[in-house]
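So this one's query28.cif, mmCIF, C-alpha atoms and all ligand atoms:
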```
data_input
loop_
_atom_site.label_atom_id
_atom_site.label_comp_id
_atom_site.auth_asym_id
_atom_site.auth_seq_id
_atom_site.Cartn_x
_atom_site.Cartn_y
_atom_site.Cartn_z
CA MET A 1062 0.00 0.00 0.00
CA ARG A 1063 2.80 2.36 0.96
CA LYS A 1064 4.53 1.58 -2.30
CA LEU A 1065 1.42 2.41 -4.25
CA THR A 1066 1.14 5.85 -2.63
CA GLY A 1067 4.77 6.58 -3.50
CA TRP A 1068 4.06 5.66 -7.09
CA ALA A 1069 0.99 7.86 -7.19
CA VAL A 1070 3.03 10.81 -5.90
CA VAL A 1071 5.70 10.23 -8.54
CA VAL A 1072 3.08 10.13 -11.26
CA SER A 1073 1.33 13.28 -10.13
CA GLY A 1074 4.70 15.06 -9.70
CA TRP A 1075 5.60 14.18 -13.26
CA ALA A 1076 2.16 15.16 -14.54
CA LEU A 1077 2.52 18.52 -12.79
CA TRP A 1078 5.89 19.17 -14.31
CA GLY A 1079 4.89 18.15 -17.79
CA ALA A 1080 1.60 20.07 -17.84
CA GLU A 1081 1.19 22.95 -20.29
CA ALA A 1082 0.22 26.33 -18.93
CA ASP A 1083 -2.46 28.73 -20.17
CA VAL A 1084 -1.97 32.12 -18.50
CA GLY A 1085 -5.51 33.32 -19.32
CA LEU A 1086 -7.01 30.29 -17.63
CA GLY A 1087 -4.57 30.79 -14.75
CA LYS A 1088 -5.80 34.35 -14.26
CA ARG A 1089 -9.45 33.26 -14.06
CA LEU A 1090 -8.61 30.49 -11.60
CA TYR A 1091 -6.49 32.87 -9.54
CA GLU A 1092 -9.32 35.37 -9.29
CA SER A 1093 -11.83 32.76 -8.18
CA GLN A 1094 -9.64 30.69 -5.85
CA CYS A 1095 -6.63 32.64 -4.63
CA SER A 1096 -7.43 36.37 -4.66
CA LEU A 1097 -9.50 36.04 -1.50
CA CYS A 1098 -6.28 35.50 0.47
CA HIS A 1099 -3.58 36.89 -1.80
CA GLY A 1100 -5.43 39.96 -3.11
CA GLU A 1101 -6.85 40.82 -6.54
CA ASP A 1102 -3.50 42.15 -7.70
CA GLY A 1103 -1.45 39.58 -5.78
CA ARG A 1104 -0.20 42.15 -3.29
CA GLY A 1105 -1.27 40.05 -0.35
CA GLY A 1106 -3.85 40.09 2.41
CA ARG A 1107 -4.42 37.12 4.63
CA GLY A 1108 -1.75 35.38 2.57
CA PRO A 1109 1.61 36.94 1.63
CA SER A 1110 2.21 39.10 -1.43
CA LEU A 1111 2.86 37.02 -4.53
CA ALA A 1112 3.76 40.12 -6.55
CA GLN A 1113 7.48 39.69 -6.07
CA PRO A 1114 10.04 37.90 -8.19
CA ARG A 1115 11.42 35.79 -5.34
CA LEU A 1116 9.04 33.75 -3.25
CA LYS A 1117 10.13 32.20 0.01
CA HIS A 1118 8.70 28.71 -0.50
CA ALA A 1119 8.22 28.68 -4.22
CA THR A 1120 11.79 29.28 -5.31
CA ASP A 1121 11.31 28.15 -8.90
CA GLU A 1122 8.44 27.24 -11.19
CA ALA A 1123 8.47 23.53 -10.25
CA ALA A 1124 8.36 24.39 -6.53
CA LEU A 1125 5.61 26.91 -7.22
CA ARG A 1126 3.46 24.26 -8.90
CA THR A 1127 4.02 21.93 -5.94
CA VAL A 1128 3.13 24.63 -3.39
CA ILE A 1129 -0.08 25.40 -5.27
CA ALA A 1130 -1.05 21.75 -5.67
CA SER A 1131 -0.15 20.57 -2.17
CA GLY A 1132 -0.38 23.73 -0.05
CA ILE A 1133 2.01 24.39 2.84
CA ALA A 1134 1.47 22.01 5.74
CA GLY A 1135 0.75 23.64 9.07
CA THR A 1136 -0.26 27.01 7.52
CA GLU A 1137 -3.43 28.51 6.09
CA MET A 1138 -2.20 27.85 2.56
CA PRO A 1139 -4.52 25.07 1.32
CA GLY A 1140 -3.63 22.50 -1.32
CA ALA A 1141 -5.61 22.98 -4.54
CA TRP A 1142 -6.59 19.35 -4.83
CA GLN A 1143 -9.54 20.35 -6.98
CA LEU A 1144 -7.29 21.61 -9.77
CA SER A 1145 -5.94 19.42 -12.58
CA PRO A 1146 -2.18 19.49 -13.36
CA ARG A 1147 -2.89 21.76 -16.32
CA GLU A 1148 -4.87 24.15 -14.13
CA VAL A 1149 -2.10 24.16 -11.50
CA ALA A 1150 0.49 24.90 -14.19
CA SER A 1151 -1.72 27.74 -15.48
CA VAL A 1152 -2.18 29.36 -12.07
CA ALA A 1153 1.58 29.07 -11.49
CA ALA A 1154 2.30 30.77 -14.82
CA TYR A 1155 -0.10 33.57 -13.88
CA VAL A 1156 1.45 33.95 -10.41
CA LEU A 1157 4.85 34.39 -12.07
CA THR A 1158 3.51 37.33 -14.09
CA LEU A 1159 2.42 39.04 -10.84
CA GLY A 1160 6.03 39.17 -9.69
CA LYS A 1161 7.38 41.00 -12.69
CA VAL A 1162 7.30 44.77 -12.62
CA ALA A 1163 6.34 45.67 -16.17
CA GLU A 1164 9.21 47.08 -18.17
CA GLU A 1165 8.71 50.79 -18.62
CA LYS A 1166 9.74 52.95 -21.53
CA LEU A 1167 12.57 55.03 -20.13
CA ARG A 1168 14.88 57.73 -21.34
CA GLY A 1169 18.57 57.04 -20.97
CA ASP A 1170 21.10 54.56 -22.13
CA ALA A 1171 21.76 51.40 -20.13
CA ALA A 1172 25.33 50.93 -21.34
CA ARG A 1173 26.26 54.46 -20.29
CA GLY A 1174 24.36 53.86 -17.05
CA ARG A 1175 26.54 50.89 -16.33
CA GLY A 1176 29.53 53.18 -16.74
CA VAL A 1177 28.03 55.58 -14.18
CA TYR A 1178 27.48 52.65 -11.83
CA GLU A 1179 31.13 51.64 -12.14
CA LYS A 1180 32.54 55.16 -11.90
CA GLN A 1181 30.50 56.01 -8.81
CA GLY A 1182 31.67 52.90 -6.98
CA CYS A 1183 28.22 51.41 -6.42
CA ALA A 1184 29.83 47.95 -6.52
CA GLY A 1185 31.59 48.81 -3.28
CA CYS A 1186 28.30 48.13 -1.51
CA HIS A 1187 26.13 46.20 -3.97
CA ILE A 1188 26.32 42.92 -5.83
CA VAL A 1189 25.11 42.55 -9.40
CA GLY A 1190 25.40 39.09 -10.94
CA GLY A 1191 27.96 37.93 -8.38
CA VAL A 1192 30.21 41.02 -8.79
CA GLY A 1193 30.67 43.58 -6.03
CA SER A 1194 30.42 43.57 -2.27
CA GLY A 1195 27.30 42.91 -0.30
CA PHE A 1196 26.96 45.53 2.41
CA GLY A 1197 23.84 46.95 0.76
CA PRO A 1198 21.04 44.87 -0.81
CA GLU A 1199 21.78 42.78 -3.88
CA LEU A 1200 20.72 44.52 -7.10
CA THR A 1201 20.85 41.59 -9.54
CA ASP A 1202 17.07 41.62 -10.05
CA ILE A 1203 16.28 45.10 -8.73
CA GLY A 1204 14.61 46.15 -12.01
CA ALA A 1205 12.09 43.35 -11.69
CA ARG A 1206 11.28 44.29 -8.10
CA ARG A 1207 11.16 48.08 -8.16
CA SER A 1208 9.67 50.73 -10.38
CA ALA A 1209 11.88 53.27 -12.15
CA ALA A 1210 10.52 56.06 -9.91
CA TYR A 1211 11.55 54.11 -6.82
CA LEU A 1212 15.02 53.47 -8.24
CA ARG A 1213 15.50 57.15 -9.01
CA GLU A 1214 14.56 58.09 -5.46
CA ALA A 1215 16.73 55.33 -3.97
CA VAL A 1216 19.77 56.86 -5.68
CA VAL A 1217 19.07 60.50 -4.92
CA LYS A 1218 17.43 60.19 -1.50
CA PRO A 1219 18.50 56.84 0.00
CA GLY A 1220 16.91 57.46 3.40
CA ALA A 1221 13.45 57.64 1.83
CA SER A 1222 13.37 53.99 0.88
CA ALA A 1223 13.85 51.38 3.56
CA PRO A 1224 13.95 47.97 1.91
CA GLU A 1225 12.21 45.38 4.00
CA GLY A 1226 14.57 43.41 6.17
CA PHE A 1227 17.23 46.10 6.06
CA LEU A 1228 17.64 47.48 9.55
CA TRP A 1229 20.29 50.13 10.07
CA MET A 1230 20.98 50.36 13.79
CA GLU A 1231 23.20 51.82 16.41
CA ALA A 1232 23.95 49.80 19.52
CA THR A 1233 25.65 51.18 22.62
CA THR A 1234 26.68 49.02 25.57
CA VAL A 1235 26.56 49.97 29.23
CA SER A 1236 30.35 50.34 29.18
CA GLY A 1237 30.08 52.81 26.32
CA HIS A 1238 31.16 50.64 23.41
CA GLY A 1239 29.07 50.86 20.33
CA ALA A 1240 28.67 50.12 16.67
CA ARG A 1241 26.56 51.17 13.74
CA GLY A 1242 25.61 48.51 11.32
CA VAL A 1243 23.03 46.41 9.58
CA ARG A 1244 21.24 43.88 11.69
CA VAL A 1245 22.25 40.47 10.38
CA ASN A 1246 20.98 38.30 13.19
CA GLU A 1247 19.00 38.55 16.35
CA ASP A 1248 17.73 36.07 18.91
CA THR A 1249 16.38 36.38 22.43
CA PHE A 1250 19.76 37.10 23.99
CA THR A 1251 22.06 38.42 21.30
CA LEU A 1252 22.15 40.86 18.41
CA GLN A 1253 24.61 40.81 15.57
CA LEU A 1254 25.47 43.86 13.47
CA LYS A 1255 27.67 44.17 10.42
CA ASP A 1256 29.29 47.55 9.87
CA MET A 1257 30.15 49.20 6.57
CA THR A 1258 33.59 47.64 6.43
CA GLY A 1259 32.10 44.17 6.76
CA LYS A 1260 33.13 43.73 10.38
CA PHE A 1261 30.73 41.80 12.61
CA TYR A 1262 29.76 42.75 16.16
CA THR A 1263 27.90 40.53 18.55
CA PHE A 1264 26.19 42.14 21.52
CA ARG A 1265 24.58 40.44 24.48
CA LYS A 1266 21.28 42.22 24.82
CA GLY A 1267 21.73 42.35 28.60
CA ASP A 1268 24.81 44.53 28.06
CA LEU A 1269 23.08 47.07 25.87
CA GLN A 1270 22.24 50.49 27.14
CA GLU A 1271 20.71 51.75 23.96
CA LEU A 1272 19.61 50.30 20.67
CA MET A 1273 18.36 52.64 17.99
CA ARG A 1274 16.89 51.96 14.63
CA MET A 1275 17.91 54.81 12.35
CA VAL A 1276 14.78 55.61 10.47
CA GLY A 1277 15.05 57.94 7.49
CA GLU A 1278 18.83 57.74 7.57
CA SER A 1279 20.88 55.56 5.28
CA PRO A 1280 24.51 54.51 5.13
CA MET A 1281 24.24 54.93 1.37
CA PRO A 1282 25.45 58.34 0.17
CA ALA A 1283 22.92 60.49 -1.70
CA TYR A 1284 23.99 60.86 -5.32
CA GLU A 1285 22.53 64.33 -5.76
CA LYS A 1286 25.38 65.60 -7.90
CA LEU A 1287 24.70 63.32 -10.86
CA SER A 1288 23.63 65.25 -13.95
CA PRO A 1289 20.08 64.62 -15.18
CA ARG A 1290 21.50 62.60 -18.05
CA GLU A 1291 23.69 60.46 -15.79
CA LEU A 1292 20.72 59.81 -13.56
CA ASP A 1293 18.51 58.81 -16.51
CA ASP A 1294 21.23 56.46 -17.74
CA LEU A 1295 21.78 54.95 -14.31
CA VAL A 1296 18.05 54.36 -13.74
CA LYS A 1297 17.77 52.80 -17.18
CA TYR A 1298 20.64 50.44 -16.31
CA LEU A 1299 19.13 49.50 -12.93
CA ALA A 1300 15.66 48.98 -14.41
CA GLY A 1301 17.19 46.52 -16.86
CA LEU A 1302 18.65 44.34 -14.09
CA ARG A 1303 16.04 41.63 -14.01
CA GLY A 1304 17.76 38.62 -12.55
CA ARG A 1305 20.03 35.98 -13.94
CA PRO A 1306 19.41 35.37 -17.64
C1 LIG A 1401 -7.28 30.56 2.85
C2 LIG A 1401 -6.29 31.47 2.33
C3 LIG A 1401 -5.46 31.07 1.14
C4 LIG A 1401 -5.89 30.67 -0.11
C5 LIG A 1401 -7.31 30.45 -0.58
C6 LIG A 1401 -4.70 30.52 -0.91
N1 LIG A 1401 -3.58 30.83 -0.17
FE1 LIG A 1401 -1.66 30.78 -0.81
N2 LIG A 1401 -1.01 31.15 1.06
C7 LIG A 1401 -1.81 31.46 2.13
C8 LIG A 1401 -0.97 31.70 3.30
C9 LIG A 1401 -1.44 32.08 4.69
C10 LIG A 1401 0.37 31.50 2.87
C11 LIG A 1401 1.63 31.63 3.73
C12 LIG A 1401 1.96 30.31 4.38
C13 LIG A 1401 3.15 30.46 5.29
O1 LIG A 1401 4.27 30.30 4.81
O2 LIG A 1401 2.94 30.75 6.47
C14 LIG A 1401 0.29 31.17 1.46
C15 LIG A 1401 1.41 30.92 0.68
C16 LIG A 1401 1.37 30.79 -0.70
C17 LIG A 1401 2.54 30.70 -1.54
C18 LIG A 1401 3.99 30.69 -1.10
C19 LIG A 1401 4.47 32.11 -1.04
C20 LIG A 1401 5.96 32.18 -0.85
O3 LIG A 1401 6.41 33.25 -0.39
O4 LIG A 1401 6.67 31.24 -1.20
C21 LIG A 1401 2.10 30.64 -2.83
C22 LIG A 1401 2.94 30.56 -4.08
C23 LIG A 1401 0.65 30.67 -2.79
N3 LIG A 1401 0.26 30.77 -1.47
C24 LIG A 1401 -0.16 30.63 -3.89
C25 LIG A 1401 -1.54 30.46 -3.85
C26 LIG A 1401 -2.38 30.23 -4.99
C27 LIG A 1401 -1.89 30.24 -6.43
C28 LIG A 1401 -3.65 30.05 -4.52
C29 LIG A 1401 -4.89 29.69 -5.34
C30 LIG A 1401 -4.85 28.45 -6.07
C31 LIG A 1401 -3.61 30.21 -3.08
N4 LIG A 1401 -2.32 30.46 -2.71
C32 LIG A 1401 -4.72 30.14 -2.24
C33 LIG A 1401 -3.18 31.54 2.13
C34 LIG A 1401 -4.01 31.17 1.08
C1 LIG A 1402 28.38 52.95 1.20
C2 LIG A 1402 27.58 51.87 0.62
C3 LIG A 1402 26.71 52.16 -0.58
C4 LIG A 1402 27.06 52.72 -1.78
C5 LIG A 1402 28.42 53.26 -2.22
C6 LIG A 1402 25.88 52.65 -2.61
N1 LIG A 1402 24.85 52.07 -1.92
FE1 LIG A 1402 23.00 51.72 -2.64
N2 LIG A 1402 22.40 51.07 -0.80
C7 LIG A 1402 23.24 50.90 0.28
C8 LIG A 1402 22.46 50.47 1.41
C9 LIG A 1402 23.01 50.19 2.80
C10 LIG A 1402 21.11 50.36 0.97
C11 LIG A 1402 19.89 49.93 1.80
C12 LIG A 1402 19.37 51.06 2.65
C13 LIG A 1402 18.67 52.14 1.89
O1 LIG A 1402 17.94 51.89 0.93
O2 LIG A 1402 18.83 53.28 2.29
C14 LIG A 1402 21.14 50.75 -0.43
C15 LIG A 1402 20.01 50.74 -1.24
C16 LIG A 1402 20.04 50.92 -2.61
C17 LIG A 1402 18.92 50.73 -3.48
C18 LIG A 1402 17.52 50.27 -3.07
C19 LIG A 1402 17.52 48.77 -2.95
C20 LIG A 1402 16.18 48.17 -2.59
O3 LIG A 1402 16.11 46.94 -2.51
O4 LIG A 1402 15.21 48.89 -2.36
C21 LIG A 1402 19.35 50.99 -4.75
C22 LIG A 1402 18.55 50.93 -6.04
C23 LIG A 1402 20.74 51.37 -4.66
N3 LIG A 1402 21.14 51.30 -3.34
C24 LIG A 1402 21.53 51.73 -5.73
C25 LIG A 1402 22.82 52.24 -5.62
C26 LIG A 1402 23.56 52.82 -6.71
C27 LIG A 1402 23.06 52.92 -8.14
C28 LIG A 1402 24.76 53.25 -6.19
C29 LIG A 1402 25.85 54.00 -6.91
C30 LIG A 1402 25.45 55.22 -7.59
C31 LIG A 1402 24.76 52.90 -4.79
N4 LIG A 1402 23.58 52.31 -4.48
C32 LIG A 1402 25.82 53.12 -3.92
C33 LIG A 1402 24.59 51.16 0.32
C34 LIG A 1402 25.32 51.76 -0.68
#
```
In structure tokens, how does this file's structure come out?
Amino acid sequence: MRKLTGWAVVVSGWALWGAEADVGLGKRLYESQCSLCHGEDGRGGRGPSLAQPRLKHATDEAALRTVIASGIAGTEMPGAWQLSPREVASVAAYVLTLGKVAEEKLRGDAARGRGVYEKQGCAGCHIVGGVGSGFGPELTDIGARRSAAYLREAVVKPGASAPEGFLWMEATTVSGHGARGVRVNEDTFTLQLKDMTGKFYTFRKGDLQELMRMVGESPMPAYEKLSPRELDDLVKYLAGLRGRP
């Protein structure tokens, strides 16, 4: 009996993977069966936002199909047992479209923008396609995650955007030692910060006198001196970074 179940799972896994997707059908199914929890536009509600290029559980299309078909055990995410493999594949294909910020028509020249990126030393704090250093957030797929207007603001007024999960903090201990850095880890008793030079600090929370989250302030310099053309080019370059090819 156990063997038979295993076989059935293998068959349905294969059927899921091989199924052809129809995005239009996926959209209709999404609206009737998923939007209640994930929102009409996929921006989330009772369930998380699906309008992002990287999902936590569904890391690729195969995993996405499995999550949709089987749900996530122990959470409110139900398995869509009522859907056929083709329907699951179609909903998955539609969900993937939710995560892509539409490409906008932009002024500027991406190749020149890349030159601006290099000249300004952005790679000192950001990684694109494995190149650079990772103090700031990775930008490899930033164009798929953020609008051009957001990117422009992020460059000129870094404090205005606070990417989720990026906490810039200052910790001071009772004995007067302190550090400013990005929170990389925290548990009940300890807090770990990484400063701009990449150095790690671990604090015991019991030793802390003050811990401040610096809202509206960013360790990223504001690039206000770029000419309008350089800024257009840079934004065009960033908007074109849409993940690994
Ligand atoms: C009853 C509410 C509910 C319905 C209906 C529902 N979901 Fe979910 N879904 C959730 C919740 C809650 C989670 C988060 C589970 C967790 O990780 O805690 C989730 C998680 C997910 C994830 C994983 C997100 C990630 O970050 O990896 C995907 C993908 C997903 N849902 C797609 C769908 C699709 C497609 C449908 C329709 C076929 C659907 N869901 C229907 C509540 C729902
Ligand atoms: C000294 C380090 C540093 C330098 C140099 C730097 N950045 Fe940043 N950047 C950061 C940090 C830290 C953040 C996250 C905090 C924030 O948004 O203010 C960030 C955020 C961003 C974001 C928003 C990311 C997101 O996920 O929302 C973009 C876009 C960006 N930087 C582009 C650039 C570009 C383009 C340059 C060069 C012109 C540059 N950065 C130079 C540190 C730096």
Tell me which protein, DNA and RNA residues are within 7 Å of range 1213-1225 of chain A, counting all atoms listed in the file, leaving out same-chain ones fewer than 3 positions away, and put them as an MDAnalysis selection string. chainID A and resid 1209:1210 1277:1279 1281 1283:1285 1296
Preceding selection exported with C-alpha atoms as an mmCIF file, keeping the file's coordinate frame:
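Output below, filename result.cif:
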```cif
data_model
loop_
_atom_site.group_PDB
_atom_site.id
_atom_site.type_symbol
_atom_site.label_atom_id
_atom_site.label_comp_id
_atom_site.auth_asym_id
_atom_site.auth_seq_id
_atom_site.Cartn_x
_atom_site.Cartn_y
_atom_site.Cartn_z
ATOM 1 C CA ALA A 1209 11.880 53.270 -12.150
ATOM 2 C CA ALA A 1210 10.520 56.060 -9.910
ATOM 3 C CA GLY A 1277 15.050 57.940 7.490
ATOM 4 C CA GLU A 1278 18.830 57.740 7.570
ATOM 5 C CA SER A 1279 20.880 55.560 5.280
ATOM 6 C CA MET A 1281 24.240 54.930 1.370
ATOM 7 C CA ALA A 1283 22.920 60.490 -1.700
ATOM 8 C CA TYR A 1284 23.990 60.860 -5.320
ATOM 9 C CA GLU A 1285 22.530 64.330 -5.760
ATOM 10 C CA VAL A 1296 18.050 54.360 -13.740
#
```
Would you list the contacts of Val1245 in chain A as number ranges by chain, taking every protein, DNA or RNA residue within 8 Å and counting all atoms listed in the file, but skipping same-chain residues closer than 3 positions in sequence? A: 1253-1255
Return as CSV the residues of range 1215-1291 of chain A lying at most 9 Å from range 1191-1207 of chain A, together with the closest atom-to-atom pair for each and the distance in Å to one decimal, counting only C-alpha atoms, with rows in chain order and ascending residue number.
```
residue,atom,partner,partner_atom,distance
A:Pro1224,CA,A:Pro1198,CA,8.2
A:Phe1227,CA,A:Pro1198,CA,8.0
A:Val1243,CA,A:Phe1196,CA,8.2
A:Lys1255,CA,A:Phe1196,CA,8.2
A:Asp1256,CA,A:Phe1196,CA,8.1
A:Met1257,CA,A:Phe1196,CA,6.4
A:Thr1258,CA,A:Phe1196,CA,8.0
A:Gly1259,CA,A:Phe1196,CA,6.9
A:Pro1280,CA,A:Gly1197,CA,8.8
A:Met1281,CA,A:Gly1197,CA,8.0
```
Could you dump the residues just selected with C-alpha atoms as a PDB file, in the frame of the given file?
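What ended up in again_6.pdb:
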```
ATOM      1  CA  PRO A1224      13.950  47.970   1.910  1.00  0.00           C
ATOM      2  CA  PHE A1227      17.230  46.100   6.060  1.00  0.00           C
ATOM      3  CA  VAL A1243      23.030  46.410   9.580  1.00  0.00           C
ATOM      4  CA  LYS A1255      27.670  44.170  10.420  1.00  0.00           C
ATOM      5  CA  ASP A1256      29.290  47.550   9.870  1.00  0.00           C
ATOM      6  CA  MET A1257      30.150  49.200   6.570  1.00  0.00           C
ATOM      7  CA  THR A1258      33.590  47.640   6.430  1.00  0.00           C
ATOM      8  CA  GLY A1259      32.100  44.170   6.760  1.00  0.00           C
ATOM      9  CA  PRO A1280      24.510  54.510   5.130  1.00  0.00           C
ATOM     10  CA  MET A1281      24.240  54.930   1.370  1.00  0.00           C
TER      11      MET A1281
END
```
Test item: residues no farther than 8 Å from ligand LIG 1401 (chain A), counting all atoms listed in the file, as a PyMOL selection string: chain A and resi 1090-1091+1094-1099+1107-1111+1115-1120+1125-1126+1128-1130+1132-1133+1135-1141+1149+1152-1153+1156
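Counting all atoms listed in the file and comparing A:Val1162, A:Ala1124, A:Ala1240, A:Ala1150, the residue that lies closest to Val1084 in chain A is A:Ala1150.
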Hey, which of A:Phe1261, A:Tyr1155, A:Tyr1178, A:Tyr1298 ends up closest to ligand LIG 1402 (chain A)? Count all atoms listed in the file. A:Tyr1178
Record the distance separating CA of Ser1093 in chain A and CA of Lys1161 in chain A, expressed in Å with one decimal.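 About the pair CA of Ser1093 in chain A and CA of Lys1161 in chain A: they are 21.4 Å apart.
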Between CA of Arg1104 in chain A and atom C29 of ligand LIG 1402 (chain A), what is the distance, to one decimal in Å?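 For CA of Arg1104 in chain A relative to atom C29 of ligand LIG 1402 (chain A), the distance reads 28.8 Å.
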Counting all atoms listed in the file, which of A:Glu1122, A:Glu1092, A:Asp1170, A:Glu1081 gets nearest to Pro1146 in chain A?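 Looking only at the distances to Pro1146 in chain A, the closest residue turns out to be A:Glu1081.
Minimum atom-to-atom distance to Ser1236 in chain A, evaluated using all atoms listed in the file, belongs to A:Gly1267 out of A:Lys1088, A:Cys1183, A:Gly1267, A:Asp1293.
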Put a box with edges along x, y and z around all the listed atoms of ligand LIG 1402 (chain A), pad it by 5 Å on each side, then give me its centre and sizes in Å, one decimal, as AutoDock Vina command-line options.
```
--center_x 21.8 --center_y 51.1 --center_z -2.7 --size_x 23.2 --size_y 18.3 --size_z 20.9
```
